[in-house]
Amino acid sequence: MRAPERARVGAPLSAVTGVQCHPFAEGGARMSRYVMGLQEIDQAQVAVVGGKGAHLGALSRLEGIHVPAGYCVTTDAFQRVMADAPSIDERLERLSRLKPDDREQIRALSAELRRTLEETVIPDELAAAITRPLGQLGEQAAYAVRSSATAEDLPTASFAGQQDTYLNVVGPAAILQHVSRCWASLFTERAVTYRLRNGFDHRKVRMAVVVQQMVFPEAAGILFTADPVTSNRKVSSVEASFGLGEALVSGLVNADVYKARDGEVIAKSVATKQLAIHASPAGGTHEQAIEPERQRQAALTDAQVVRLAQLGRKIEAHFGCPQDIEWCLIDDGFQFVQSRPITTLFPIPTAGDRENHVYVSVGHQQMMTDAMKPLGLSLFQLTALRPMYEAGGRLFVDVTQGLASPASRAGLLEALGKSDPLLRDALETVLGRGDFIQSLPDEGPGKAPADGAPAPLETDAAIVDELIGRSQASITTLKRDIRTKSGPALLDFIVADIQELKRLVFDPRSLQVIMAAIEATWWLNEQLQAWLGEKNAADTLTQSAPHNVTSEMGLALLDVADVIRPHPNVVAFLQQVEDEGFLDELATLAGGREARDAIQAYLDKYGMRCVGEIDITKPRWSERPTTLVPLILGNIKNFEPGAGERRFEQGRQEARKKEQELLERLRALPDGERKAEETRRMIDRVRTFIGYREYPKYGMVNRYFVYKQALLQEAERLVQSHVLREKEDIFYLTLQELHTVVRTNQVDDPLIRQRKDAFRSYQALTPPRVLTSDGEVIPGAYRRDDLPAGALVGLPVSAGTIEGRARVILDMAKADIKAGDILVTAYTDPSWTPLFVAIKGLVTEVGGLMTHGAVIAREYGLPAVVGVEHATRLIRDGQRIRVHGTDGYVEFLP
């Protein structure tokens, strides 16, 4: 027999089971404030018994759900001991000031705290309260002693395996010792780091302890009421092994895995299990070899799997969300020893019906896959032409109807596939199942549109000039008119002005220009490959096209660097800048006034931009001008004066040279003059119109910033009136909710706190490209077999091949780019453009043929591959790579 054993981190409670499921201390006195029987506990008592204790209490109350007998040592007991522990408050204060990356300090300080708690003597009256229940349960029985923190098993953060569990503890003295160890485990290095990363205050988290009887299960494991691999909410997944679940979690054995749906097992994988861990009746555990004839035997029958899945659905219905459930099998009956929310599942958009739906991510098209706050979500929804559904702080479009109709399906797949092959493949996967989307009857010959086809668009630069002029005039009018608005009238004005925004962004003439550019690009790529074998010819032909406000923005920051470069004292000052008010200080330096004016002029034109700019709540460059300082300093270091103008002219010349070369080659072909003339017209068309593609979004973001400034002024009034605690609280309200707050001068503070917690949890989620109403994430695949071994596949968006050092950057503000680096990141939006002038290649995880990174890479002549799944994890920062922008893959170099 072994001594009491601590379970491995993350061990399932299937390692801990109970013989009896009767109410604790039935007919006896009620527990003290230091101890509560499990069946005294309900789900709302997390503050008293912690997450694990509250869930066990709720489970023990469910009819037909069996839970081992036991009790919970409450957080009052923990507080009583903490009050006696020396120097605790001072150490907790020091701990709260650390960052998650301060590993050495976290390790040292958390060890001090653990040692202090373990050495603090438990007062006699508290010790008596903790051990008194053992008289009824059996003093010499074996128990599991489990940590149950108040920040644990929450809907937004599981904290699974962050605190300690001790198995097969026997006797009152050992129980007390291991309760102390559980209290101390609140400050393990991993638990402290987890809380720091997830925004939990160490000083507000409390620790309770669950004490439960041990039993001898035939099999144990974990039940997920949603498939943890695909996220499908209708599929239950069961992992099982013989004996205690410790064998499974510790890696001693592989688990059997079963999938169940609608009352039947739909998939089964039986593993070879050579060992099992069993609990000894007198305490301790032991490993036991499994007889050879049983090693390939299933731990559960199909009937048991189905019954377990049905019980899991009952537990899930009680808690109201998918659950990660720990179970054990005793005499053909199941006992449940823990249930916690599955926090890694991406939420499902609410459709309001029980029909099947397929949702496509808006963020993957907009180059903004981060979570958005409610104000940003609601404003973008009001701006959009078609309904958008919110889930996990992201927006989705329902494409079910388009996929169901034979008349629209092919066009939808073609359009989405040209932009993002992964998206098309995912949708084809759903369609291939046959039964998820019911096809609508073919409508037969389509009717001609009521308004007829739009008039053909001439290739005329004046059209672009007119559209830009109209947008600029409208924004000038907006800025003038909004100054006179406040209170509910301001909200009404913004809602009305959104219609003007939509009129400009979705102006048929504007869309015609953009589509003309895109179609000309497709024509050039397809025809020149067919006629000359030239891949992606349009990539070079579109370099330095006129009217691209985003590419001009990157070059304009080179001009700002030219103003500052001659003044070393200004450069030195900028290298030390931390405060956002630095522009005012610049004027006191020699050359500082010129530097300030140059930066301010840049902000006047581009200061409404920022990372994730479709979310109005994101801080703009004008609000945080320090964001630009590292980019300006990088331009000063990496470039010579006049680089912006030279860069643009170089791209223009390369495009011109490529055009002449292609036309000469075409003229040498049969019917060459006609082919050359058609190609020349298309080149003229794409260069006239392609730059405008970036302008509607620029106009939209301009307008958003005007709205934001006015709304923050209104928020300041609400703060002064003691309606809001802080201005930024308006970011956690929808525009409609904010209208009500402004009108009534009343706000729902708990709602704002709830929204803040939800936003923090959403930030940790990765949004899928395609999501079904079952919750299933459909990833999509490129399905190519023409790649070198070990290469990473993606979508080719800007031709050429380049080698260099990979710089893996997730936060533009922390970018340390050297000239000639290859940028590797999750996604880029227009705010990343200033970095593009220094790099020589681009790799992103998200993107399509016409998304920001692709367009600007072509403008600047940078080889680029986008849509490379997990690129920021698979490519190491500083690693040498080769980017094949023509063929769409990335190679690792020695």
# chains A, B, ... in the order shown; residues from 1 in each chain; ligands from 1
call {"tool": "residues_around", "arguments": {"residues": "Pro406 in chain A", "least_positions_apart": "4", "cutoff": "8 Å", "atoms": "only C-alpha atoms", "output": "PDB file with all heavy atoms, in the first residue's frame"}}
result
ATOM      1  N   ALA A 410     -23.748  27.863 -56.838  1.00  0.00           N
ATOM      2  CA  ALA A 410     -22.494  27.873 -57.607  1.00  0.00           C
ATOM      3  C   ALA A 410     -21.830  29.239 -57.557  1.00  0.00           C
ATOM      4  O   ALA A 410     -20.611  29.351 -57.372  1.00  0.00           O
ATOM      5  CB  ALA A 410     -22.768  27.457 -59.053  1.00  0.00           C
ATOM      6  N   SER A 439     -31.850  20.997 -50.117  1.00  0.00           N
ATOM      7  CA  SER A 439     -31.871  21.820 -51.325  1.00  0.00           C
ATOM      8  C   SER A 439     -33.280  22.333 -51.599  1.00  0.00           C
ATOM      9  O   SER A 439     -34.265  21.607 -51.447  1.00  0.00           O
ATOM     10  CB  SER A 439     -31.387  21.008 -52.534  1.00  0.00           C
ATOM     11  OG  SER A 439     -30.009  20.791 -52.453  1.00  0.00           O
ATOM     12  N   LEU A 440     -33.332  23.596 -51.981  1.00  0.00           N
ATOM     13  CA  LEU A 440     -34.605  24.182 -52.391  1.00  0.00           C
ATOM     14  C   LEU A 440     -34.904  23.756 -53.816  1.00  0.00           C
ATOM     15  O   LEU A 440     -33.984  23.485 -54.603  1.00  0.00           O
ATOM     16  CB  LEU A 440     -34.525  25.711 -52.315  1.00  0.00           C
ATOM     17  CG  LEU A 440     -34.305  26.298 -50.912  1.00  0.00           C
ATOM     18  CD1 LEU A 440     -34.086  27.801 -51.014  1.00  0.00           C
ATOM     19  CD2 LEU A 440     -35.483  25.994 -50.008  1.00  0.00           C
ATOM     20  N   PRO A 441     -36.166  23.709 -54.211  1.00  0.00           N
ATOM     21  CA  PRO A 441     -36.480  23.363 -55.602  1.00  0.00           C
ATOM     22  C   PRO A 441     -35.884  24.377 -56.564  1.00  0.00           C
ATOM     23  O   PRO A 441     -35.834  25.572 -56.264  1.00  0.00           O
ATOM     24  CB  PRO A 441     -38.009  23.398 -55.658  1.00  0.00           C
ATOM     25  CG  PRO A 441     -38.490  23.733 -54.295  1.00  0.00           C
ATOM     26  CD  PRO A 441     -37.332  24.000 -53.413  1.00  0.00           C
ATOM     27  N   ASP A 442     -35.378  23.887 -57.679  1.00  0.00           N
ATOM     28  CA  ASP A 442     -34.825  24.771 -58.707  1.00  0.00           C
ATOM     29  C   ASP A 442     -35.949  25.643 -59.257  1.00  0.00           C
ATOM     30  O   ASP A 442     -37.014  25.166 -59.621  1.00  0.00           O
ATOM     31  CB  ASP A 442     -34.208  23.947 -59.839  1.00  0.00           C
ATOM     32  CG  ASP A 442     -33.251  24.782 -60.679  1.00  0.00           C
ATOM     33  OD1 ASP A 442     -33.486  26.009 -60.779  1.00  0.00           O
ATOM     34  OD2 ASP A 442     -32.286  24.223 -61.205  1.00  0.00           O
TER      35      ASP A 442
END
call {"tool": "atom_distance", "arguments": {"atom1": "CA of Ala184 in chain A", "atom2": "CA of Val67 in chain A"}}
result
26.4 Å
call {"tool": "select_by_dssp", "arguments": {"residues": "range 342-487 of chain A", "states": "alpha helix (DSSP H)", "output": "MDAnalysis selection string"}}
result
chainID A and resid 363:366 374:383 400:404 406:419 421:432 461:482 487
call {"tool": "residues_around", "arguments": {"residues": "Val571 in chain A", "least_positions_apart": "2", "cutoff": "10 Å", "atoms": "only C-alpha atoms", "output": "mmCIF file with all heavy atoms, in the first residue's frame"}}
result
data_model
loop_
_atom_site.group_PDB
_atom_site.id
_atom_site.type_symbol
_atom_site.label_atom_id
_atom_site.label_comp_id
_atom_site.auth_asym_id
_atom_site.auth_seq_id
_atom_site.Cartn_x
_atom_site.Cartn_y
_atom_site.Cartn_z
ATOM 1 N N ALA A 561 9.308 60.659 -41.600
ATOM 2 C CA ALA A 561 10.668 60.342 -41.140
ATOM 3 C C ALA A 561 11.692 61.289 -41.763
ATOM 4 O O ALA A 561 12.669 61.682 -41.109
ATOM 5 C CB ALA A 561 11.012 58.894 -41.480
ATOM 6 N N ILE A 564 11.969 64.456 -39.749
ATOM 7 C CA ILE A 564 12.563 64.314 -38.414
ATOM 8 C C ILE A 564 14.032 63.929 -38.464
ATOM 9 O O ILE A 564 14.830 64.331 -37.605
ATOM 10 C CB ILE A 564 11.757 63.257 -37.614
ATOM 11 C CG1 ILE A 564 10.313 63.743 -37.435
ATOM 12 C CG2 ILE A 564 12.408 62.948 -36.277
ATOM 13 C CD1 ILE A 564 9.386 62.703 -36.848
ATOM 14 N N ARG A 565 14.433 63.188 -39.481
ATOM 15 C CA ARG A 565 15.780 62.623 -39.558
ATOM 16 C C ARG A 565 16.900 63.648 -39.352
ATOM 17 O O ARG A 565 17.890 63.351 -38.670
ATOM 18 C CB ARG A 565 15.961 61.894 -40.893
ATOM 19 C CG ARG A 565 17.249 61.061 -40.962
ATOM 20 C CD ARG A 565 17.387 60.372 -42.305
ATOM 21 N NE ARG A 565 16.462 59.243 -42.479
ATOM 22 C CZ ARG A 565 15.378 59.283 -43.219
ATOM 23 N NH1 ARG A 565 15.060 60.406 -43.878
ATOM 24 N NH2 ARG A 565 14.591 58.232 -43.326
ATOM 25 N N PRO A 566 16.823 64.858 -39.891
ATOM 26 C CA PRO A 566 17.936 65.813 -39.721
ATOM 27 C C PRO A 566 18.105 66.348 -38.305
ATOM 28 O O PRO A 566 19.053 67.111 -38.051
ATOM 29 C CB PRO A 566 17.554 66.959 -40.680
ATOM 30 C CG PRO A 566 16.543 66.399 -41.613
ATOM 31 C CD PRO A 566 15.809 65.383 -40.830
ATOM 32 N N HIS A 567 17.223 65.995 -37.363
ATOM 33 C CA HIS A 567 17.256 66.585 -36.021
ATOM 34 C C HIS A 567 17.508 65.503 -34.973
ATOM 35 O O HIS A 567 16.575 64.901 -34.443
ATOM 36 C CB HIS A 567 15.932 67.300 -35.734
ATOM 37 C CG HIS A 567 15.564 68.310 -36.772
ATOM 38 N ND1 HIS A 567 16.228 69.521 -36.910
ATOM 39 C CD2 HIS A 567 14.606 68.278 -37.741
ATOM 40 C CE1 HIS A 567 15.685 70.193 -37.910
ATOM 41 N NE2 HIS A 567 14.706 69.470 -38.435
ATOM 42 N N PRO A 568 18.798 65.242 -34.669
ATOM 43 C CA PRO A 568 19.142 64.155 -33.738
ATOM 44 C C PRO A 568 18.500 64.307 -32.366
ATOM 45 O O PRO A 568 18.155 63.306 -31.729
ATOM 46 C CB PRO A 568 20.676 64.241 -33.637
ATOM 47 C CG PRO A 568 21.093 64.957 -34.881
ATOM 48 C CD PRO A 568 19.995 65.895 -35.225
ATOM 49 N N ASN A 569 18.321 65.544 -31.907
ATOM 50 C CA ASN A 569 17.713 65.731 -30.579
ATOM 51 C C ASN A 569 16.240 65.327 -30.581
ATOM 52 O O ASN A 569 15.727 64.810 -29.581
ATOM 53 C CB ASN A 569 17.860 67.180 -30.120
ATOM 54 C CG ASN A 569 17.293 68.170 -31.128
ATOM 55 O OD1 ASN A 569 17.287 67.908 -32.331
ATOM 56 N ND2 ASN A 569 16.814 69.310 -30.655
ATOM 57 N N PHE A 573 14.645 62.297 -28.392
ATOM 58 C CA PHE A 573 13.445 62.513 -27.597
ATOM 59 C C PHE A 573 12.387 61.439 -27.897
ATOM 60 O O PHE A 573 11.781 60.872 -26.987
ATOM 61 C CB PHE A 573 12.877 63.908 -27.890
ATOM 62 C CG PHE A 573 11.513 64.158 -27.300
ATOM 63 C CD1 PHE A 573 11.367 64.488 -25.965
ATOM 64 C CD2 PHE A 573 10.370 64.056 -28.080
ATOM 65 C CE1 PHE A 573 10.113 64.708 -25.415
ATOM 66 C CE2 PHE A 573 9.119 64.268 -27.556
ATOM 67 C CZ PHE A 573 8.992 64.600 -26.214
ATOM 68 N N LEU A 574 12.175 61.163 -29.179
ATOM 69 C CA LEU A 574 11.166 60.179 -29.563
ATOM 70 C C LEU A 574 11.519 58.784 -29.049
ATOM 71 O O LEU A 574 10.629 57.967 -28.773
ATOM 72 C CB LEU A 574 11.001 60.152 -31.083
ATOM 73 C CG LEU A 574 10.359 61.386 -31.713
ATOM 74 C CD1 LEU A 574 10.336 61.268 -33.229
ATOM 75 C CD2 LEU A 574 8.941 61.600 -31.176
ATOM 76 N N GLN A 575 12.797 58.488 -28.930
ATOM 77 C CA GLN A 575 13.219 57.165 -28.446
ATOM 78 C C GLN A 575 12.834 56.939 -26.982
ATOM 79 O O GLN A 575 12.777 55.801 -26.528
ATOM 80 C CB GLN A 575 14.728 56.997 -28.618
ATOM 81 C CG GLN A 575 15.143 56.822 -30.075
ATOM 82 C CD GLN A 575 16.640 56.894 -30.291
ATOM 83 O OE1 GLN A 575 17.362 57.447 -29.441
ATOM 84 N NE2 GLN A 575 17.120 56.365 -31.401
ATOM 85 N N GLN A 576 12.542 58.034 -26.258
ATOM 86 C CA GLN A 576 12.186 57.928 -24.838
ATOM 87 C C GLN A 576 10.696 58.183 -24.587
ATOM 88 O O GLN A 576 10.249 58.174 -23.452
ATOM 89 C CB GLN A 576 12.996 58.954 -24.020
ATOM 90 C CG GLN A 576 14.494 58.882 -24.221
ATOM 91 C CD GLN A 576 15.065 57.515 -23.863
ATOM 92 O OE1 GLN A 576 14.644 56.916 -22.872
ATOM 93 N NE2 GLN A 576 16.004 57.017 -24.661
ATOM 94 N N GLY A 592 11.739 70.605 -33.456
ATOM 95 C CA GLY A 592 10.581 69.913 -32.912
ATOM 96 C C GLY A 592 9.258 70.399 -33.466
ATOM 97 O O GLY A 592 8.317 69.619 -33.626
ATOM 98 N N ALA A 595 8.749 68.722 -36.705
ATOM 99 C CA ALA A 595 8.421 67.317 -36.465
ATOM 100 C C ALA A 595 6.973 67.180 -35.999
ATOM 101 O O ALA A 595 6.227 66.315 -36.483
ATOM 102 C CB ALA A 595 9.367 66.729 -35.419
ATOM 103 N N VAL A 629 5.250 56.030 -33.112
ATOM 104 C CA VAL A 629 6.645 56.426 -32.862
ATOM 105 C C VAL A 629 7.636 55.324 -33.255
ATOM 106 O O VAL A 629 8.628 55.609 -33.954
ATOM 107 C CB VAL A 629 6.821 56.856 -31.391
ATOM 108 C CG1 VAL A 629 8.304 57.043 -31.060
ATOM 109 C CG2 VAL A 629 6.058 58.156 -31.133
ATOM 110 N N ILE A 632 7.990 55.336 -37.039
ATOM 111 C CA ILE A 632 8.754 56.487 -37.541
ATOM 112 C C ILE A 632 10.238 56.278 -37.295
ATOM 113 O O ILE A 632 11.081 56.505 -38.186
ATOM 114 C CB ILE A 632 8.262 57.782 -36.862
ATOM 115 C CG1 ILE A 632 6.818 58.091 -37.285
ATOM 116 C CG2 ILE A 632 9.175 58.953 -37.214
ATOM 117 C CD1 ILE A 632 6.161 59.209 -36.484
ATOM 118 N N LEU A 633 10.588 55.828 -36.086
ATOM 119 C CA LEU A 633 12.006 55.602 -35.766
ATOM 120 C C LEU A 633 12.591 54.503 -36.651
ATOM 121 O O LEU A 633 13.746 54.599 -37.097
ATOM 122 C CB LEU A 633 12.156 55.228 -34.296
ATOM 123 C CG LEU A 633 11.849 56.350 -33.289
ATOM 124 C CD1 LEU A 633 11.823 55.811 -31.865
ATOM 125 C CD2 LEU A 633 12.875 57.470 -33.417
ATOM 126 N N ILE A 636 13.338 56.046 -39.998
ATOM 127 C CA ILE A 636 14.542 56.889 -39.936
ATOM 128 C C ILE A 636 15.798 56.026 -40.028
ATOM 129 O O ILE A 636 16.768 56.372 -40.717
ATOM 130 C CB ILE A 636 14.534 57.721 -38.636
ATOM 131 C CG1 ILE A 636 13.428 58.780 -38.691
ATOM 132 C CG2 ILE A 636 15.887 58.376 -38.387
ATOM 133 C CD1 ILE A 636 13.177 59.486 -37.375
#
call {"tool": "closest_atom_pairs", "arguments": {"of": "range 200-302 of chain A", "to": "range 322-340 of chain A", "cutoff": "7 Å", "atoms": "only C-alpha atoms", "output": "Markdown table"}}
result
| residue | atom | partner | partner_atom | distance |
| --- | --- | --- | --- | --- |
| A:Pro217 | CA | A:Ile330 | CA | 5.1 |
| A:Glu218 | CA | A:Leu329 | CA | 5.7 |
| A:Ala219 | CA | A:Leu329 | CA | 5.2 |
| A:Ala220 | CA | A:Cys328 | CA | 4.1 |
| A:Gly221 | CA | A:Trp327 | CA | 5.7 |
| A:Ile222 | CA | A:Glu326 | CA | 4.7 |
| A:Leu223 | CA | A:Ile325 | CA | 5.0 |
| A:Phe224 | CA | A:Asp324 | CA | 4.8 |
| A:Thr225 | CA | A:Pro322 | CA | 5.5 |
| A:Ala226 | CA | A:Pro322 | CA | 6.0 |
call {"tool": "closest_residue", "arguments": {"among": "A:Pro894, A:Gly888, A:Pro696, A:Gly848", "to": "Ala791 in chain A", "atoms": "only C-alpha atoms"}}
result
A:Gly888
call {"tool": "atom_distance", "arguments": {"atom1": "CA of Leu842 in chain A", "atom2": "CA of Gly634 in chain A"}}
result
17.9 Å
call {"tool": "closest_residue", "arguments": {"among": "A:Leu403, A:Leu532, A:Val270, A:Ile616", "to": "Thr383 in chain A", "atoms": "only C-alpha atoms"}}
result
A:Ile616
call {"tool": "closest_residue", "arguments": {"among": "A:Tyr166, A:Tyr34, A:Phe78, A:Phe216", "to": "Thr131 in chain A", "atoms": "only C-alpha atoms"}}
result
A:Tyr34
call {"tool": "residues_around", "arguments": {"residues": "range 764-781 of chain A", "least_positions_apart": "5", "cutoff": "7 Å", "atoms": "only C-alpha atoms", "output": "NGL selection string"}}
result
:A and (230-234 or 344 or 346 or 348 or 356-361 or 364 or 369 or 422-423 or 425-426)
call {"tool": "closest_residue", "arguments": {"among": "A:Leu669, A:Val505, A:Val513, A:Ala643", "to": "Val837 in chain A", "atoms": "only C-alpha atoms"}}
result
A:Ala643
call {"tool": "residues_around", "arguments": {"residues": "Leu375 in chain A", "least_positions_apart": "3", "cutoff": "12 Å", "atoms": "only C-alpha atoms", "output": "tab-separated table (two decimals) with N, CA, C and O atoms, in the first residue's frame"}}
result
chain	number	residue	atom	x	y	z
A	371	ALA	N	-11.98	39.61	-30.85
A	371	ALA	CA	-13.31	39.87	-30.29
A	371	ALA	C	-13.60	41.36	-30.31
A	371	ALA	O	-12.70	42.18	-30.13
A	372	MET	N	-14.86	41.71	-30.56
A	372	MET	CA	-15.30	43.10	-30.59
A	372	MET	C	-16.20	43.35	-29.39
A	372	MET	O	-16.90	42.47	-28.91
A	378	SER	N	-22.59	46.34	-32.59
A	378	SER	CA	-23.89	46.89	-32.99
A	378	SER	C	-23.75	47.92	-34.10
A	378	SER	O	-24.58	47.97	-35.01
A	379	LEU	N	-22.69	48.73	-34.06
A	379	LEU	CA	-22.52	49.74	-35.10
A	379	LEU	C	-22.21	49.09	-36.44
A	379	LEU	O	-22.74	49.49	-37.48
A	380	PHE	N	-21.36	48.06	-36.43
A	380	PHE	CA	-21.04	47.39	-37.69
A	380	PHE	C	-22.26	46.65	-38.23
A	380	PHE	O	-22.47	46.60	-39.45
A	381	GLN	N	-23.07	46.11	-37.35
A	381	GLN	CA	-24.30	45.45	-37.79
A	381	GLN	C	-25.24	46.45	-38.45
A	381	GLN	O	-25.90	46.15	-39.46
A	382	LEU	N	-25.33	47.66	-37.90
A	382	LEU	CA	-26.18	48.69	-38.49
A	382	LEU	C	-25.64	49.16	-39.84
A	382	LEU	O	-26.39	49.58	-40.71
A	393	GLY	N	-18.32	37.41	-29.50
A	393	GLY	CA	-17.73	38.72	-29.79
A	393	GLY	C	-17.35	38.89	-31.25
A	393	GLY	O	-16.64	39.84	-31.59
A	614	ILE	N	-12.53	48.23	-37.67
A	614	ILE	CA	-13.97	48.12	-37.86
A	614	ILE	C	-14.70	48.12	-36.52
A	614	ILE	O	-15.92	48.28	-36.48
A	615	ASP	N	-13.97	47.97	-35.41
A	615	ASP	CA	-14.55	48.07	-34.07
A	615	ASP	C	-14.34	49.50	-33.58
A	615	ASP	O	-13.22	49.92	-33.29
A	616	ILE	N	-15.42	50.26	-33.48
A	616	ILE	CA	-15.33	51.67	-33.10
A	616	ILE	C	-14.67	51.87	-31.74
A	616	ILE	O	-14.12	52.93	-31.45
A	617	THR	N	-14.66	50.84	-30.90
A	617	THR	CA	-14.12	50.98	-29.54
A	617	THR	C	-12.60	50.89	-29.50
A	617	THR	O	-12.00	51.21	-28.47
A	618	LYS	N	-11.98	50.46	-30.58
A	618	LYS	CA	-10.52	50.32	-30.58
A	618	LYS	C	-9.85	51.70	-30.55
A	618	LYS	O	-10.29	52.63	-31.22
A	704	TYR	N	-16.69	56.60	-38.53
A	704	TYR	CA	-16.73	55.95	-37.22
A	704	TYR	C	-16.01	56.80	-36.17
A	704	TYR	O	-16.46	56.90	-35.03
A	707	TYR	N	-18.12	59.67	-35.06
A	707	TYR	CA	-19.13	59.18	-34.13
A	707	TYR	C	-18.51	58.94	-32.74
A	707	TYR	O	-19.08	59.31	-31.71
A	708	LYS	N	-17.35	58.29	-32.73
A	708	LYS	CA	-16.74	57.91	-31.46
A	708	LYS	C	-16.41	59.14	-30.61
A	708	LYS	O	-16.69	59.17	-29.40
A	711	LEU	N	-19.58	60.45	-29.13
A	711	LEU	CA	-20.14	59.56	-28.12
A	711	LEU	C	-19.32	59.61	-26.82
A	711	LEU	O	-19.88	59.53	-25.72
A	712	LEU	N	-18.01	59.74	-26.93
A	712	LEU	CA	-17.18	59.84	-25.73
A	712	LEU	C	-17.43	61.15	-24.99
A	712	LEU	O	-17.37	61.20	-23.75
A	728	GLU	N	-15.43	54.64	-20.81
A	728	GLU	CA	-15.33	53.47	-21.67
A	728	GLU	C	-16.40	52.42	-21.38
A	728	GLU	O	-16.52	51.44	-22.11
A	729	ASP	N	-17.21	52.64	-20.33
A	729	ASP	CA	-18.32	51.71	-20.08
A	729	ASP	C	-19.31	51.69	-21.24
A	729	ASP	O	-20.01	50.69	-21.44
A	730	ILE	N	-19.38	52.79	-22.00
A	730	ILE	CA	-20.32	52.79	-23.14
A	730	ILE	C	-19.94	51.76	-24.18
A	730	ILE	O	-20.78	51.34	-24.98
A	731	PHE	N	-18.67	51.32	-24.20
A	731	PHE	CA	-18.23	50.33	-25.18
A	731	PHE	C	-18.92	48.97	-24.96
A	731	PHE	O	-18.95	48.14	-25.87
A	732	TYR	N	-19.45	48.75	-23.75
A	732	TYR	CA	-20.07	47.47	-23.42
A	732	TYR	C	-21.59	47.52	-23.54
A	732	TYR	O	-22.30	46.64	-23.04
A	733	LEU	N	-22.09	48.57	-24.20
A	733	LEU	CA	-23.51	48.70	-24.51
A	733	LEU	C	-23.68	48.77	-26.01
A	733	LEU	O	-22.81	49.29	-26.71
A	734	THR	N	-24.78	48.25	-26.51
A	734	THR	CA	-25.07	48.44	-27.93
A	734	THR	C	-25.49	49.89	-28.15
A	734	THR	O	-25.81	50.62	-27.19
A	735	LEU	N	-25.51	50.33	-29.40
A	735	LEU	CA	-25.91	51.70	-29.70
A	735	LEU	C	-27.34	51.94	-29.22
A	735	LEU	O	-27.66	53.02	-28.69
A	736	GLN	N	-28.20	50.94	-29.38
A	736	GLN	CA	-29.58	51.07	-28.94
A	736	GLN	C	-29.66	51.18	-27.42
A	736	GLN	O	-30.43	52.00	-26.88
A	737	GLU	N	-28.88	50.37	-26.71
A	737	GLU	CA	-28.87	50.44	-25.24
A	737	GLU	C	-28.32	51.77	-24.76
A	737	GLU	O	-28.81	52.34	-23.78
A	738	LEU	N	-27.29	52.27	-25.44
A	738	LEU	CA	-26.72	53.57	-25.06
A	738	LEU	C	-27.76	54.68	-25.23
A	738	LEU	O	-27.82	55.62	-24.42
A	739	HIS	N	-28.56	54.58	-26.27
A	739	HIS	CA	-29.61	55.56	-26.49
A	739	HIS	C	-30.55	55.60	-25.27
A	739	HIS	O	-30.92	56.69	-24.78
A	752	ILE	N	-23.09	45.66	-17.46
A	752	ILE	CA	-21.77	46.09	-17.95
A	752	ILE	C	-20.68	45.18	-17.39
A	752	ILE	O	-19.77	44.77	-18.12
A	755	ARG	N	-20.80	41.95	-19.26
A	755	ARG	CA	-20.27	42.10	-20.62
A	755	ARG	C	-18.73	42.17	-20.59
A	755	ARG	O	-18.07	41.64	-21.49
A	759	PHE	N	-16.38	39.54	-22.51
A	759	PHE	CA	-15.40	39.99	-23.50
A	759	PHE	C	-14.03	39.40	-23.20
A	759	PHE	O	-13.32	38.95	-24.11
call {"tool": "atom_distance", "arguments": {"atom1": "CA of Gly699 in chain A", "atom2": "CA of Pro488 in chain A"}}
result
25.0 Å
call {"tool": "select_by_dssp", "arguments": {"residues": "range 330-438 of chain A", "states": "strand (DSSP E or B)", "output": "number ranges by chain"}}
result
A: 330, 333-341, 358-361, 389-391, 394-398
call {"tool": "residues_around", "arguments": {"residues": "Pro625 in chain A", "least_positions_apart": "2", "cutoff": "9 Å", "atoms": "only C-alpha atoms", "output": "list of chain:residue names"}}
result
A:Glu580, A:Gly581, A:Phe582, A:Leu583, A:Ile599, A:Leu603, A:Gly607, A:Arg620, A:Trp621, A:Ser622, A:Glu623, A:Thr627, A:Leu628, A:Val629
call {"tool": "closest_residue", "arguments": {"among": "A:Val793, A:Val35, A:Val464, A:Met608", "to": "Tyr698 in chain A", "atoms": "only C-alpha atoms"}}
result
A:Met608
call {"tool": "residues_around", "arguments": {"residues": "Ala799 in chain A", "least_positions_apart": "3", "cutoff": "10 Å", "atoms": "only C-alpha atoms", "output": "list of chain:residue names"}}
result
A:Lys535, A:Asn536, A:Ala537, A:Ala538, A:Asp539, A:Thr540, A:Pro796, A:Ile802, A:Ala857, A:Arg858, A:Gly861, A:Leu862, A:Pro863, A:Ala864, A:Val865, A:Val883, A:His884, A:Gly885, A:Thr886, A:Asp887, A:Gly888
